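Trainee: My structure is stored as run08.pdb, with PDB, N, CA and C atoms.
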MODEL        1
ATOM      1  N   ASP Z   1       0.824  -1.201   0.000
ATOM      2  CA  ASP Z   1       0.000   0.000   0.000
ATOM      3  C   ASP Z   1       0.865   1.260   0.000
ATOM      4  N   ARG Z   2       1.908   1.223   0.799
ATOM      5  CA  ARG Z   2       2.810   2.380   0.863
ATOM      6  C   ARG Z   2       3.489   2.625  -0.486
ATOM      7  N   GLN Z   3       3.853   1.537  -1.174
ATOM      8  CA  GLN Z   3       4.493   1.673  -2.482
ATOM      9  C   GLN Z   3       3.542   2.303  -3.493
ATOM     10  N   LEU Z   4       2.268   1.916  -3.450
ATOM     11  CA  LEU Z   4       1.282   2.520  -4.352
ATOM     12  C   LEU Z   4       1.124   4.002  -4.056
ATOM     13  N   ASN Z   5       1.109   4.340  -2.775
ATOM     14  CA  ASN Z   5       0.971   5.738  -2.385
ATOM     15  C   ASN Z   5       2.134   6.562  -2.946
ATOM     16  N   ILE Z   6       3.346   6.068  -2.772
ATOM     17  CA  ILE Z   6       4.522   6.784  -3.264
ATOM     18  C   ILE Z   6       4.518   6.855  -4.787
ATOM     19  N   LYS Z   7       4.153   5.757  -5.430
ATOM     20  CA  LYS Z   7       4.165   5.697  -6.898
ATOM     21  C   LYS Z   7       3.177   6.681  -7.524
ATOM     22  N   PHE Z   8       2.032   6.892  -6.878
ATOM     23  CA  PHE Z   8       0.995   7.725  -7.468
ATOM     24  C   PHE Z   8       0.936   9.142  -6.893
ATOM     25  N   LEU Z   9       1.897   9.523  -6.072
ATOM     26  CA  LEU Z   9       1.951  10.908  -5.584
ATOM     27  C   LEU Z   9       2.084  11.927  -6.722
ATOM     28  N   PRO Z  10       2.879  11.640  -7.760
ATOM     29  CA  PRO Z  10       2.929  12.595  -8.880
ATOM     30  C   PRO Z  10       1.564  12.801  -9.549
ATOM     31  N   LEU Z  11       0.731  11.772  -9.575
ATOM     32  CA  LEU Z  11      -0.624  11.907 -10.117
ATOM     33  C   LEU Z  11      -1.443  12.856  -9.258
ATOM     34  N   VAL Z  12      -1.314  12.725  -7.943
ATOM     35  CA  VAL Z  12      -2.027  13.608  -7.013
ATOM     36  C   VAL Z  12      -1.617  15.060  -7.276
ATOM     37  N   GLU Z  13      -0.318  15.292  -7.376
ATOM     38  CA  GLU Z  13       0.170  16.654  -7.592
ATOM     39  C   GLU Z  13      -0.302  17.209  -8.932
ATOM     40  N   SER Z  14      -0.266  16.389  -9.965
ATOM     41  CA  SER Z  14      -0.711  16.821 -11.290
ATOM     42  C   SER Z  14      -2.193  17.216 -11.274
ATOM     43  N   LEU Z  15      -3.033  16.397 -10.659
ATOM     44  CA  LEU Z  15      -4.464  16.694 -10.602
ATOM     45  C   LEU Z  15      -4.733  17.931  -9.747
ATOM     46  N   ALA Z  16      -3.999  18.087  -8.664
ATOM     47  CA  ALA Z  16      -4.172  19.261  -7.799
ATOM     48  C   ALA Z  16      -3.792  20.532  -8.557
ATOM     49  N   ARG Z  17      -2.734  20.467  -9.347
ATOM     50  CA  ARG Z  17      -2.320  21.650 -10.140
ATOM     51  C   ARG Z  17      -3.384  22.030 -11.157
ATOM     52  N   LYS Z  18      -4.014  21.029 -11.761
ATOM     53  CA  LYS Z  18      -5.097  21.318 -12.723
ATOM     54  C   LYS Z  18      -6.259  22.005 -12.016
ATOM     55  N   PHE Z  19      -6.600  21.532 -10.835
ATOM     56  CA  PHE Z  19      -7.687  22.157 -10.072
ATOM     57  C   PHE Z  19      -7.342  23.583  -9.675
ATOM     58  N   SER Z  20      -6.081  23.822  -9.335
ATOM     59  CA  SER Z  20      -5.690  25.140  -8.819
ATOM     60  C   SER Z  20      -5.846  26.238  -9.861
ATOM     61  N   THR Z  21      -5.880  25.860 -11.130
ATOM     62  CA  THR Z  21      -6.017  26.862 -12.187
ATOM     63  C   THR Z  21      -7.471  27.047 -12.641
ATOM     64  N   THR Z  22      -8.393  26.303 -12.053
ATOM     65  CA  THR Z  22      -9.790  26.413 -12.458
ATOM     66  C   THR Z  22     -10.493  27.531 -11.694
ATOM     67  N   GLN Z  23     -11.543  28.030 -12.285
ATOM     68  CA  GLN Z  23     -12.364  29.056 -11.637
ATOM     69  C   GLN Z  23     -13.003  28.507 -10.376
ATOM     70  N   GLN Z  24     -13.327  27.216 -10.394
ATOM     71  CA  GLN Z  24     -13.991  26.556  -9.263
ATOM     72  C   GLN Z  24     -13.165  26.683  -7.986
ATOM     73  N   ALA Z  25     -11.839  26.575  -8.106
ATOM     74  CA  ALA Z  25     -10.979  26.550  -6.931
ATOM     75  C   ALA Z  25     -10.334  27.897  -6.632
ATOM     76  N   SER Z  26     -10.528  28.846  -7.501
ATOM     77  CA  SER Z  26      -9.850  30.133  -7.378
ATOM     78  C   SER Z  26     -10.136  30.813  -6.041
ATOM     79  N   GLY Z  27      -9.097  31.038  -5.257
ATOM     80  CA  GLY Z  27      -9.225  31.730  -3.994
ATOM     81  C   GLY Z  27      -9.826  30.914  -2.863
ATOM     82  N   VAL Z  28     -10.124  29.651  -3.114
ATOM     83  CA  VAL Z  28     -10.766  28.828  -2.097
ATOM     84  C   VAL Z  28      -9.733  28.015  -1.316
ATOM     85  N   MET Z  29      -8.796  27.413  -2.033
ATOM     86  CA  MET Z  29      -7.779  26.566  -1.399
ATOM     87  C   MET Z  29      -6.429  26.788  -2.056
ATOM     88  N   SER Z  30      -5.366  26.591  -1.287
ATOM     89  CA  SER Z  30      -4.021  26.679  -1.852
ATOM     90  C   SER Z  30      -3.676  25.356  -2.546
ATOM     91  N   ILE Z  31      -2.662  25.389  -3.380
ATOM     92  CA  ILE Z  31      -2.227  24.177  -4.078
ATOM     93  C   ILE Z  31      -1.794  23.102  -3.081
ATOM     94  N   MET Z  32      -1.145  23.507  -2.000
ATOM     95  CA  MET Z  32      -0.692  22.531  -1.007
ATOM     96  C   MET Z  32      -1.881  21.872  -0.296
ATOM     97  N   ASP Z  33      -2.936  22.641  -0.042
ATOM     98  CA  ASP Z  33      -4.142  22.066   0.559
ATOM     99  C   ASP Z  33      -4.777  21.053  -0.384
ATOM    100  N   MET Z  34      -4.774  21.374  -1.671
ATOM    101  CA  MET Z  34      -5.353  20.461  -2.661
ATOM    102  C   MET Z  34      -4.536  19.175  -2.766
ATOM    103  N   VAL Z  35      -3.213  19.302  -2.721
ATOM    104  CA  VAL Z  35      -2.359  18.111  -2.753
ATOM    105  C   VAL Z  35      -2.645  17.241  -1.526
ATOM    106  N   GLN Z  36      -2.785  17.874  -0.383
ATOM    107  CA  GLN Z  36      -3.063  17.132   0.844
ATOM    108  C   GLN Z  36      -4.411  16.396   0.754
ATOM    109  N   CYS Z  37      -5.435  17.087   0.254
ATOM    110  CA  CYS Z  37      -6.756  16.448   0.087
ATOM    111  C   CYS Z  37      -6.682  15.313  -0.922
ATOM    112  N   GLY Z  38      -5.945  15.541  -1.998
ATOM    113  CA  GLY Z  38      -5.778  14.503  -3.013
ATOM    114  C   GLY Z  38      -5.065  13.290  -2.460
ATOM    115  N   ASN Z  39      -4.082  13.509  -1.614
ATOM    116  CA  ASN Z  39      -3.351  12.397  -1.018
ATOM    117  C   ASN Z  39      -4.254  11.595  -0.081
ATOM    118  N   ILE Z  40      -5.117  12.276   0.643
ATOM    119  CA  ILE Z  40      -6.087  11.574   1.492
ATOM    120  C   ILE Z  40      -7.016  10.723   0.615
ATOM    121  N   GLY Z  41      -7.450  11.295  -0.510
ATOM    122  CA  GLY Z  41      -8.283  10.541  -1.449
ATOM    123  C   GLY Z  41      -7.558   9.323  -1.999
ATOM    124  N   LEU Z  42      -6.260   9.473  -2.287
ATOM    125  CA  LEU Z  42      -5.461   8.354  -2.783
ATOM    126  C   LEU Z  42      -5.358   7.255  -1.724
ATOM    127  N   ILE Z  43      -5.111   7.625  -0.496
ATOM    128  CA  ILE Z  43      -5.001   6.646   0.594
ATOM    129  C   ILE Z  43      -6.309   5.873   0.746
ATOM    130  N   GLN Z  44      -7.426   6.584   0.697
ATOM    131  CA  GLN Z  44      -8.731   5.925   0.812
ATOM    132  C   GLN Z  44      -8.984   5.007  -0.377
ATOM    133  N   ALA Z  45      -8.568   5.433  -1.570
ATOM    134  CA  ALA Z  45      -8.760   4.616  -2.770
ATOM    135  C   ALA Z  45      -7.923   3.338  -2.693
ATOM    136  N   ILE Z  46      -6.708   3.438  -2.188
ATOM    137  CA  ILE Z  46      -5.846   2.258  -2.049
ATOM    138  C   ILE Z  46      -6.497   1.243  -1.120
ATOM    139  N   LYS Z  47      -7.130   1.729  -0.053
ATOM    140  CA  LYS Z  47      -7.805   0.828   0.892
ATOM    141  C   LYS Z  47      -8.985   0.116   0.245
ATOM    142  N   LYS Z  48      -9.647   0.761  -0.733
ATOM    143  CA  LYS Z  48     -10.829   0.189  -1.376
ATOM    144  C   LYS Z  48     -10.495  -0.668  -2.600
ATOM    145  N   LEU Z  49      -9.233  -0.772  -2.935
ATOM    146  CA  LEU Z  49      -8.802  -1.458  -4.147
ATOM    147  C   LEU Z  49      -9.191  -2.940  -4.114
ATOM    148  N   ASP Z  50      -9.818  -3.395  -5.187
ATOM    149  CA  ASP Z  50     -10.190  -4.808  -5.336
ATOM    150  C   ASP Z  50      -9.071  -5.493  -6.123
ATOM    151  N   ARG Z  51      -8.170  -6.122  -5.403
ATOM    152  CA  ARG Z  51      -6.962  -6.686  -6.028
ATOM    153  C   ARG Z  51      -7.267  -7.869  -6.955
ATOM    154  N   GLU Z  52      -8.276  -8.640  -6.653
ATOM    155  CA  GLU Z  52      -8.638  -9.766  -7.530
ATOM    156  C   GLU Z  52      -9.114  -9.250  -8.886
ATOM    157  N   ARG Z  53      -9.941  -8.221  -8.852
ATOM    158  CA  ARG Z  53     -10.452  -7.640 -10.093
ATOM    159  C   ARG Z  53      -9.333  -6.945 -10.870
ATOM    160  N   LEU Z  54      -8.417  -6.337 -10.126
ATOM    161  CA  LEU Z  54      -7.293  -5.648 -10.734
ATOM    162  C   LEU Z  54      -6.431  -6.609 -11.539
ATOM    163  N   GLU Z  55      -6.218  -7.800 -11.024
ATOM    164  CA  GLU Z  55      -5.385  -8.791 -11.702
ATOM    165  C   GLU Z  55      -6.005  -9.284 -13.008
ATOM    166  N   GLN Z  56      -7.296  -9.082 -13.187
ATOM    167  CA  GLN Z  56      -7.966  -9.474 -14.429
ATOM    168  C   GLN Z  56      -7.812  -8.418 -15.517
ATOM    169  N   SER Z  57      -7.297  -7.261 -15.156
ATOM    170  CA  SER Z  57      -7.153  -6.157 -16.097
ATOM    171  C   SER Z  57      -6.047  -6.440 -17.116
ATOM    172  N   ASP Z  58      -6.252  -5.961 -18.347
ATOM    173  CA  ASP Z  58      -5.229  -6.098 -19.384
ATOM    174  C   ASP Z  58      -4.067  -5.132 -19.139
ATOM    175  N   ASP Z  59      -4.392  -3.947 -18.610
ATOM    176  CA  ASP Z  59      -3.378  -2.926 -18.347
ATOM    177  C   ASP Z  59      -3.540  -2.446 -16.910
ATOM    178  N   ILE Z  60      -2.843  -3.107 -15.999
ATOM    179  CA  ILE Z  60      -2.998  -2.833 -14.567
ATOM    180  C   ILE Z  60      -2.651  -1.379 -14.243
ATOM    181  N   GLU Z  61      -1.570  -0.884 -14.830
ATOM    182  CA  GLU Z  61      -1.132   0.493 -14.573
ATOM    183  C   GLU Z  61      -2.222   1.502 -14.932
ATOM    184  N   GLN Z  62      -2.820   1.342 -16.107
ATOM    185  CA  GLN Z  62      -3.866   2.263 -16.560
ATOM    186  C   GLN Z  62      -5.124   2.123 -15.714
ATOM    187  N   THR Z  63      -5.456   0.914 -15.323
ATOM    188  CA  THR Z  63      -6.622   0.682 -14.477
ATOM    189  C   THR Z  63      -6.443   1.378 -13.133
ATOM    190  N   LEU Z  64      -5.244   1.237 -12.545
ATOM    191  CA  LEU Z  64      -4.964   1.910 -11.275
ATOM    192  C   LEU Z  64      -5.056   3.424 -11.423
ATOM    193  N   LYS Z  65      -4.457   3.941 -12.480
ATOM    194  CA  LYS Z  65      -4.450   5.394 -12.706
ATOM    195  C   LYS Z  65      -5.871   5.923 -12.837
ATOM    196  N   SER Z  66      -6.692   5.222 -13.581
ATOM    197  CA  SER Z  66      -8.081   5.629 -13.775
ATOM    198  C   SER Z  66      -8.864   5.577 -12.459
ATOM    199  N   PHE Z  67      -8.723   4.476 -11.734
ATOM    200  CA  PHE Z  67      -9.419   4.286 -10.457
ATOM    201  C   PHE Z  67      -9.014   5.362  -9.456
ATOM    202  N   PHE Z  68      -7.707   5.595  -9.334
ATOM    203  CA  PHE Z  68      -7.209   6.580  -8.378
ATOM    204  C   PHE Z  68      -7.576   7.998  -8.782
ATOM    205  N   SER Z  69      -7.504   8.300 -10.072
ATOM    206  CA  SER Z  69      -7.810   9.659 -10.547
ATOM    207  C   SER Z  69      -9.218  10.083 -10.158
ATOM    208  N   LYS Z  70     -10.171   9.200 -10.350
ATOM    209  CA  LYS Z  70     -11.564   9.520 -10.020
ATOM    210  C   LYS Z  70     -11.715   9.843  -8.541
ATOM    211  N   ARG Z  71     -11.064   9.063  -7.704
ATOM    212  CA  ARG Z  71     -11.193   9.274  -6.263
ATOM    213  C   ARG Z  71     -10.416  10.489  -5.774
ATOM    214  N   ILE Z  72      -9.261  10.739  -6.377
ATOM    215  CA  ILE Z  72      -8.470  11.922  -6.018
ATOM    216  C   ILE Z  72      -9.231  13.191  -6.397
ATOM    217  N   LYS Z  73      -9.752  13.223  -7.627
ATOM    218  CA  LYS Z  73     -10.521  14.393  -8.081
ATOM    219  C   LYS Z  73     -11.737  14.618  -7.193
ATOM    220  N   GLY Z  74     -12.430  13.539  -6.853
ATOM    221  CA  GLY Z  74     -13.612  13.656  -5.996
ATOM    222  C   GLY Z  74     -13.264  14.210  -4.632
ATOM    223  N   SER Z  75     -12.167  13.756  -4.081
ATOM    224  CA  SER Z  75     -11.732  14.225  -2.761
ATOM    225  C   SER Z  75     -11.414  15.721  -2.790
ATOM    226  N   ILE Z  76     -10.695  16.148  -3.812
ATOM    227  CA  ILE Z  76     -10.349  17.573  -3.941
ATOM    228  C   ILE Z  76     -11.606  18.404  -4.172
ATOM    229  N   ARG Z  77     -12.467  17.933  -5.072
ATOM    230  CA  ARG Z  77     -13.697  18.665  -5.404
ATOM    231  C   ARG Z  77     -14.600  18.831  -4.183
ATOM    232  N   ARG Z  78     -14.747  17.768  -3.392
ATOM    233  CA  ARG Z  78     -15.584  17.854  -2.186
ATOM    234  C   ARG Z  78     -15.031  18.875  -1.202
ATOM    235  N   GLN Z  79     -13.707  18.903  -1.051
ATOM    236  CA  GLN Z  79     -13.103  19.838  -0.107
ATOM    237  C   GLN Z  79     -13.237  21.281  -0.602
ATOM    238  N   ILE Z  80     -13.099  21.485  -1.903
ATOM    239  CA  ILE Z  80     -13.294  22.825  -2.472
ATOM    240  C   ILE Z  80     -14.721  23.282  -2.208
ATOM    241  N   ASP Z  81     -15.677  22.403  -2.500
ATOM    242  CA  ASP Z  81     -17.089  22.753  -2.283
ATOM    243  C   ASP Z  81     -17.368  23.042  -0.811
ATOM    244  N   HIS Z  82     -16.772  22.248   0.060
ATOM    245  CA  HIS Z  82     -16.954  22.454   1.500
ATOM    246  C   HIS Z  82     -16.396  23.818   1.924
ATOM    247  N   ASN Z  83     -15.207  24.123   1.455
ATOM    248  CA  ASN Z  83     -14.574  25.393   1.827
ATOM    249  C   ASN Z  83     -15.256  26.597   1.186
ATOM    250  N   ARG Z  84     -15.768  26.415  -0.016
ATOM    251  CA  ARG Z  84     -16.443  27.517  -0.693
ATOM    252  C   ARG Z  84     -17.729  27.886   0.028
ATOM    253  N   GLY Z  85     -18.343  26.919   0.691
ATOM    254  CA  GLY Z  85     -19.574  27.167   1.421
ATOM    255  C   GLY Z  85     -19.405  28.161   2.558
ATOM    256  N   ASN Z  86     -18.178  28.336   3.024
ATOM    257  CA  ASN Z  86     -17.924  29.245   4.136
ATOM    258  C   ASN Z  86     -17.625  30.671   3.684
ATOM    259  N   ILE Z  87     -17.501  30.884   2.386
ATOM    260  CA  ILE Z  87     -17.170  32.213   1.875
ATOM    261  C   ILE Z  87     -18.444  33.033   1.727
ATOM    262  N   ARG Z  88     -18.423  34.242   2.222
ATOM    263  CA  ARG Z  88     -19.578  35.132   2.122
ATOM    264  C   ARG Z  88     -19.195  36.319   1.248
ATOM    265  N   ILE Z  89     -20.051  36.643   0.338
ATOM    266  CA  ILE Z  89     -19.819  37.789  -0.539
ATOM    267  C   ILE Z  89     -20.804  38.879  -0.146
ATOM    268  N   LEU Z  90     -20.307  40.046   0.173
ATOM    269  CA  LEU Z  90     -21.153  41.152   0.551
ATOM    270  C   LEU Z  90     -21.322  42.091  -0.639
ATOM    271  N   TRP Z  91     -22.553  42.400  -0.938
ATOM    272  CA  TRP Z  91     -22.864  43.316  -2.037
ATOM    273  C   TRP Z  91     -23.247  44.670  -1.465
ATOM    274  N   LYS Z  92     -22.666  45.704  -2.011
ATOM    275  CA  LYS Z  92     -23.023  47.058  -1.590
ATOM    276  C   LYS Z  92     -23.905  47.663  -2.671
ATOM    277  N   ARG Z  93     -24.916  48.365  -2.234
ATOM    278  CA  ARG Z  93     -25.822  49.010  -3.198
ATOM    279  C   ARG Z  93     -25.526  50.468  -3.306
TER     280      ARG Z  93
ENDMDL
END
Could I get this file's structure written as structure tokens?
Mentor:
Amino acid sequence: DRQLNIKFLPLVESLARKFSTTQQASGVMSIMDMVQCGNIGLIQAIKKLDRERLEQSDDIEQTLKSFFSKRIKGSIRRQIDHNRGNIRILWKR
């Protein structure tokens, strides 16, 4: 599990960087916060991994990348949405 975590950390960072440039995340979270959330998502995804099903895959590397990407993105997106909920915009008339 630890080896998978280390191997896919660059994926976490890459996905976090993509989020950091989107309008959705602008001003809500720092890149380091997104990497941290993504890493938590990766750890949770590794725990949920179905190794028997994985071994049936033709391309194990691509299957892992796809499985982890979905969970990492979801983890980051949920945290952005959670943090955005606390932002208040005041309008002056």
Trainee: Enumerate as number ranges by chain all residues of chain Z assigned to alpha helix (DSSP H) by DSSP on the backbone, naming them with the chain letters and numbers the document uses.
Mentor: Z: 2-7, 9-20, 31-48, 51-55, 60-84
Trainee: Given the choices Z:Ala25, Z:Ile72, Z:Met32, Z:Val12, which gets closest to Gln44 (chain Z) if the distance is worked out from only C-alpha atoms?
Mentor: Z:Ile72
Trainee: Provide the CA of Ile76 (chain Z) to CA of Cys37 (chain Z) distance in Å, to one decimal place.
Mentor: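 Taking CA of Ile76 (chain Z) as the start and CA of Cys37 (chain Z) as the end point, the length is 5.5 Å.
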Trainee: Would you list the contacts of Ile43 (chain Z) as a list in words, taking every protein, DNA or RNA residue within 12 Å and counting only C-alpha atoms, but skipping same-chain residues closer than 3 positions in sequence?
Mentor: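 The residues that qualify are Asp1, Arg2, Gln3, Leu4, Asn5, Ile6, Lys7, Phe8, Leu9, Val12, Gln36, Cys37, Gly38, Asn39, Ile40, Ile46, Lys47, Lys48, Leu49, Phe68, Ser69, Arg71, Ile72 and Ser75 of chain Z.
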Trainee: Between Z:Ile31, Z:Gln23, Z:Gly41, Z:Pro10, which has the minimum distance to Lys73 (chain Z) (counting all atoms listed in the file)?
Mentor: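 The answer is Z:Gly41, which sits nearest to Lys73 (chain Z).
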Trainee: Give me the residues within 8 Å of Ile80 (chain Z) as JSON, numbers by chain, counting only C-alpha atoms and dropping any in the same chain fewer than 6 places off.
Mentor: {"Z": [24, 25, 28, 29]}
Trainee: I'd like the interatomic distance between CA of Asp33 (chain Z) and CA of Ser14 (chain Z), to a tenth of an Å.
Mentor: 13.4 Å
Trainee: Quick one, how far is atom C of Asp81 (chain Z) from CA of Thr22 (chain Z)?
Mentor: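 Here the two named atoms are 14.3 Å from each other.
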Trainee: Would you give the centre and edge lengths, in Å to one decimal, of a box along x, y and z around the listed atoms of region 21-40 of chain Z, with 4 Å added to each side, as AutoDock Vina command-line options?
Mentor:
--center_x -7.3 --center_y 21.2 --center_z -5.6 --size_x 21.3 --size_y 29.0 --size_z 22.1
Trainee: For each of Z:Lys70, Z:Arg84, Z:Arg51, Z:Gln62, take the minimum atom-to-atom distance to Leu15 (chain Z), counting only C-alpha atoms, then give the residue where this is smallest.
Mentor: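 Among the listed residues, the smallest separation from Leu15 (chain Z) belongs to Z:Lys70.
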Trainee: With distances taken over only C-alpha atoms, which of Z:Ser20, Z:Ser26, Z:Ser66, Z:Asn83 is nearest to Leu54 (chain Z)?
Mentor: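 Result for the nearest residue to Leu54 (chain Z): Z:Ser66.
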